[in-house]
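Engineer: Starting off with a structure, shown below.
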Amino acid sequence: MTASAPVSTIRAQDLLHPAIAGLISVIVNYGGTFILVFQAARIAGLDAAQTASWVWSVSIGVGLTGIYLSWRTRAPVITAWSTPGAAFLVTALASVSYPEAIGAYILSALGFVILGLSGCFDRLIRLIPPAIAAALLAGILLQFGIGAFGGISADPALVGLLVGSYLILKRVSARYAIVGLLVIGLAWLLLRGEVDLTGLRLELAVPVFTAPSFTLNAALSVALPLFLITLTGQYMPGMLVLRNDGFPTSANPIVTVTGLGSLLMAPFGSHAFNVAAITAAIVTGPEAHEDRSKRWIGGIAAGLLYTLIGIFGVTLAGLFMAFPAGFITALAGLALLGTIGGSLSIAMADPATREAALITFLASAANIQMLGIGGAFWGLVIGLLAWAVLSARRG
């Protein structure tokens, strides 16, 4: 890994906006996808202690790797658990024992360590044309942008308040728009009593070690699919998010460090963590800070929050999950509007690649699910095929 860049002068106001972006990223991640972990734990028959250990291991691992990578690279490297991996485990854990699943997690993590050390992934990412990468990101994020307004039919007061506040804040002070939006939204929820905090208890999580069991069945039915799903559904779009927002960070150390972290945390229940994609865009884009060189602070803030949540196990995770779904969806969509617009602008800028980029955008937005692999991978494949054919035709 290359040495970190010199630390530029950081003022107090430079800390606020990236830190808020990091907070929103964490809220969206826990509030939007963490329920999959609890569903998978229930399918696997885990008790409360083992489930809390899963929360502890994945949160601590995500937090520490995000802090380290953001500090070393001076880029907002947001790490997260594998969301498509967790969705896959909801069904996969029904067919293997928990020790076998732990063994599969270890094998998958070893695969990422080897991939990162080999340097192959970084070379692959650099071959993707910028217009295709930008169109892929815009397509992945489109549903979140639509979701910011789709909730109006279910909760017009809340979503209307958030959208209206966003427009006014952008007009008055664009720099404080997302900060103000978070404060206004939380105040509204508290005043209306829409945040259910009953039953929450502040208690420390205790990690539970589970000895792994390595079987061919678990290797083929859990480890290999988990590796491929995480690679195509998280690492590839996650690295493209960083590149699209102007951070030419090497993928090799990121894959290696997160792979090592997953390897260390696997015996305590962590299935896999990786560079984030959707929640990363909240921190890597201009809404986090107009100065790109200050956005890495958001990665540090997110990492610290993840670590704190991990220490207290399911307590703080449950707090974030107590927020209404409409609030999480609208907040995420509005925070990502700038990134969606910027990605579309880059994707459509060059007439020579515009049609291929449009195909990539639509294919990614369609979220194709085939052969157990998610929409980000298929959108990229279709887009690259379109780019190759149309480029050959012009040649």
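Residues in the structure tokens are numbered from 1 in each chain, the chains being A, B, ... in the order shown, and ligands are numbered from 1 in the order shown.
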For stretch 297-303 of chain A, work out the shell of residues within 7 Å, counting only C-alpha atoms and skipping chain neighbours fewer than 3 positions away, then give it as an NGL selection string.
Structural biologist: :A and (15 or 18-19 or 21-23 or 26 or 62-64 or 66-67 or 70 or 76-78 or 283 or 294 or 306-307)
Engineer: Within 9 Å of stretch 156-171 of chain A, counting only C-alpha atoms, which residues qualify if same-chain residues fewer than 5 places away don't, as a list in words?
Structural biologist: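 After dropping sequence-adjacent residues, the list is Ala148, Phe149, Gly150, Gly151, Tyr176, Ala177, Ile178, Gly180, Leu181, Leu182, Ile184, Gly185, Trp188, Leu189, Gly326, Phe327, Ala330, Leu331 and Leu334 of chain A.
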Engineer: List as JSON lines every residue of stretch 277-347 of chain A that is in contact with stretch 232-237 of chain A, defined as an atom at most 12 Å from one of its atoms (using only C-alpha atoms), together with the nearest atom pair and the distance in Å rounded to one decimal, sorted by chain and then rising number.
Structural biologist:
{"residue": "A:Ala277", "atom": "CA", "partner": "A:Pro237", "partner_atom": "CA", "distance": 5.7}
{"residue": "A:Ile278", "atom": "CA", "partner": "A:Pro237", "partner_atom": "CA", "distance": 8.4}
{"residue": "A:Thr279", "atom": "CA", "partner": "A:Gln234", "partner_atom": "CA", "distance": 11.0}
{"residue": "A:Ala280", "atom": "CA", "partner": "A:Pro237", "partner_atom": "CA", "distance": 10.1}
{"residue": "A:Ala281", "atom": "CA", "partner": "A:Pro237", "partner_atom": "CA", "distance": 10.3}
Engineer: Save the residues we just selected, N, CA and C atoms, as a short mmCIF file (atom, residue, chain, number, x, y, z; two decimals), in the first residue's frame?
Structural biologist:
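Everything below was put into selection.cif:
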data_model
loop_
_atom_site.label_atom_id
_atom_site.label_comp_id
_atom_site.auth_asym_id
_atom_site.auth_seq_id
_atom_site.Cartn_x
_atom_site.Cartn_y
_atom_site.Cartn_z
N ALA A 277 -20.67 0.11 -1.75
CA ALA A 277 -21.02 0.71 -3.04
C ALA A 277 -22.04 1.83 -2.84
N ILE A 278 -23.28 1.48 -2.56
CA ILE A 278 -24.35 2.47 -2.47
C ILE A 278 -24.12 3.43 -1.30
N THR A 279 -23.86 2.89 -0.12
CA THR A 279 -23.65 3.77 1.03
C THR A 279 -22.34 4.54 0.92
N ALA A 280 -21.38 4.00 0.15
CA ALA A 280 -20.13 4.73 -0.05
C ALA A 280 -20.36 5.99 -0.86
N ALA A 281 -21.29 5.93 -1.81
CA ALA A 281 -21.54 7.10 -2.67
C ALA A 281 -22.04 8.30 -1.88
#
Engineer: Atom CA of A:Ile309 and atom CA of A:Val179 are how many Å apart?
Structural biologist: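 One can read the atom CA of A:Ile309 to atom CA of A:Val179 distance as 21.2 Å.
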Engineer: Can you work out which one of A:Thr284, A:Thr210, A:Thr353, A:Ser108 has the shortest atom-to-atom distance to A:Ser262, counting only C-alpha atoms?
Structural biologist: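 Selected residue with least distance to A:Ser262: A:Ser108.
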Engineer: May I have the residues within 9 Å of A:Phe214 as a list of chain:residue names, using only C-alpha atoms and disregarding those fewer than 4 positions away in the same chain?
Structural biologist: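 Using only C-alpha atoms, the neighbours found are A:Pro99, A:Glu100, A:Ala101, A:Ile102, A:Gly103, A:Ala104, A:Leu107, A:Ala218, A:Ala219.
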Engineer: Let me see the file: selected residues, C-alpha atoms, as a PDB file, in the first residue's frame.
Structural biologist:
ATOM      1  CA  PRO A  99     -19.609 -24.609  12.025  1.00  0.00           C
ATOM      2  CA  GLU A 100     -19.710 -25.512   8.320  1.00  0.00           C
ATOM      3  CA  ALA A 101     -20.872 -21.979   7.520  1.00  0.00           C
ATOM      4  CA  ILE A 102     -17.946 -20.576   9.542  1.00  0.00           C
ATOM      5  CA  GLY A 103     -15.568 -22.757   7.520  1.00  0.00           C
ATOM      6  CA  ALA A 104     -17.137 -21.467   4.306  1.00  0.00           C
ATOM      7  CA  LEU A 107     -12.546 -20.071   2.588  1.00  0.00           C
ATOM      8  CA  ALA A 218     -20.236 -26.017   2.357  1.00  0.00           C
ATOM      9  CA  ALA A 219     -17.297 -25.013   0.135  1.00  0.00           C
TER      10      ALA A 219
END
Engineer: Write down as a VMD selection string the residues belonging to stretch 56-286 of chain A that are assigned helix (DSSP H, G or I) by DSSP computed on the backbone.
Structural biologist: chain A and resid 56 to 73 83 to 92 98 to 118 120 to 126 130 to 150 156 to 192 216 to 244 251 to 268 278 to 284
Engineer: If you count only C-alpha atoms, which residues fall within 10 Å of stretch 249-257 of chain A, apart from same-chain ones fewer than 6 positions away, as a PyMOL selection string?
Structural biologist: chain A and resi 1-2+65-66+68-70+73-77+79+109-126+231+235-236+238-240+242-243+263+273-275
